[in-house]
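J.: Please find one structure pasted underneath; my questions will follow.
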Amino acid sequence: MRIKYDNHVVDQPFLIIGGPCAIESLDQLSQTAKAISESIDVLRGGAYKPRSKPGSFEGLKLDGLKILKHVSASLNLPTVTEVLDTRDVELVAEYSDILQIGSRNMQNFELLKEAGKTKRPVLLKRGLASTVDEWLSAANYIQNEGNGQIILCERGIRTFETSTRFTLDLAGAIVAKNLSGLPVIVDPSHATGKPELIEPISLAAKAAGLDGIIIETHYKPDLALCDREQAISTNHFNSIVSLLR
């Protein structure tokens, strides 16, 4: 997969994105990023967090963006972070190399348009109850603004199954790749919600001919303020990547 940002290019046959769900502090992001810096192509970290329950940690916002920028510069790594609101697109694009549109905003068409206008690469997650056709139609909103740098992300859909957090639609991801010609990556953290399933799902994504993975990892998973149940240790993350490489 080839990603252009500013005057730089990431060109990897299988893209590895890793980092914490949420940026909690400079120390937390620095320690996590340093531990996985040799394994990742792109550093992830959420500054704005959409939470299902009010009162949950919603991120450090601008302070989080500044931390992300500082850590990425020190390690010479490109970054991806989620943008939630049309009013924040320009600000987030100033601090992050790739804009993420999360599953709950996949059909926020005004947000898709604004993200497309930035000409930043956009990582578009599939909605948790969206069809492949709806997912690709959402991508078209970004493309219609002249931005063809789109990375689709299969993160699991909601079904009647309760043994995992969501149901990973690997077949749907392959269909989306074949129909669109866009790169498609997999988010095994959200799809399964179970650390023990992240390795086999990551291997399955590569075996299926998809283009990468995005995984939540934390230097102290038990202390994570967001999605600690699915976060894996940096050592576990590095061992998974060694198998994929």
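Residue numbering restarts at 1 in every chain; chains get A, B, ... in the order shown in the structure tokens, and ligands count up from 1 in that same order.
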Determine which residues of stretch 26-242 of chain A receive a DSSP assignment of alpha helix (DSSP H), computed from the backbone, and state them as a PyMOL selection string.

T.: chain A and resi 26-36+62-75+89-95+109-117+132-143+170-180+188-192+195-207+234-242

J.: Quick one: residues within 10 Å of stretch 93-103 of chain A, only C-alpha atoms counted, chain neighbours fewer than 5 positions away excluded, as a PyMOL selection string?

T.: chain A and resi 3-6+8+42-46+49-50+62+64-70+72+77-85+88+108+111-112+115-116+118-130+135+149-157

J.: Between atom CA of A:Ile185 and atom CA of A:Leu210, what is the distance in Å, rounded to a tenth?

T.: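 Here the two named atoms are 6.1 Å from each other.
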
J.: Let's see if you can do this: from backbone DSSP, list all strand (DSSP E) residues in stretch 11-65 of chain A, as a ChimeraX atom specification.

T.: /A:11,15-19,42-44

J.: Okay, now the selection with N, CA and C atoms, as a compact mmCIF listing (two decimals), in the first residue's frame?

T.:
# COMPACT_ATOMS: atom_id res chain seq x y z
N ASP A 11 5.28 3.14 1.78
CA ASP A 11 5.04 2.14 0.73
C ASP A 11 5.33 0.76 1.31
N LEU A 15 0.37 -2.99 5.50
CA LEU A 15 0.52 -1.84 6.39
C LEU A 15 0.23 -2.22 7.84
N ILE A 16 1.10 -1.79 8.73
CA ILE A 16 0.92 -2.03 10.17
C ILE A 16 0.70 -0.70 10.87
N ILE A 17 -0.49 -0.56 11.46
CA ILE A 17 -0.83 0.63 12.24
C ILE A 17 -1.03 0.19 13.69
N GLY A 18 -0.39 0.86 14.61
CA GLY A 18 -0.52 0.47 16.01
C GLY A 18 -0.38 1.65 16.94
N GLY A 19 -0.93 1.50 18.13
CA GLY A 19 -0.86 2.53 19.15
C GLY A 19 -2.06 2.43 20.06
N VAL A 42 2.64 3.25 10.80
CA VAL A 42 1.86 4.42 11.16
C VAL A 42 1.49 4.31 12.64
N LEU A 43 1.61 5.43 13.36
CA LEU A 43 1.24 5.48 14.78
C LEU A 43 -0.20 5.98 14.92
N ARG A 44 -1.00 5.24 15.65
CA ARG A 44 -2.37 5.66 15.92
C ARG A 44 -2.49 6.16 17.36

J.: Between atom CA of A:Ser233 and atom CA of A:Pro195, measure the distance and give it in Å to one decimal.

T.: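 Between these atoms lies a distance of 9.2 Å.
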
J.: Identify which of the residues A:Asn235, A:Ala205, A:Ile23, A:Ile215 lies closest to A:Asp41, counting only C-alpha atoms when measuring atom-to-atom distances.

T.: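 Using only C-alpha atoms, A:Asp41 sits closest to A:Ile215.
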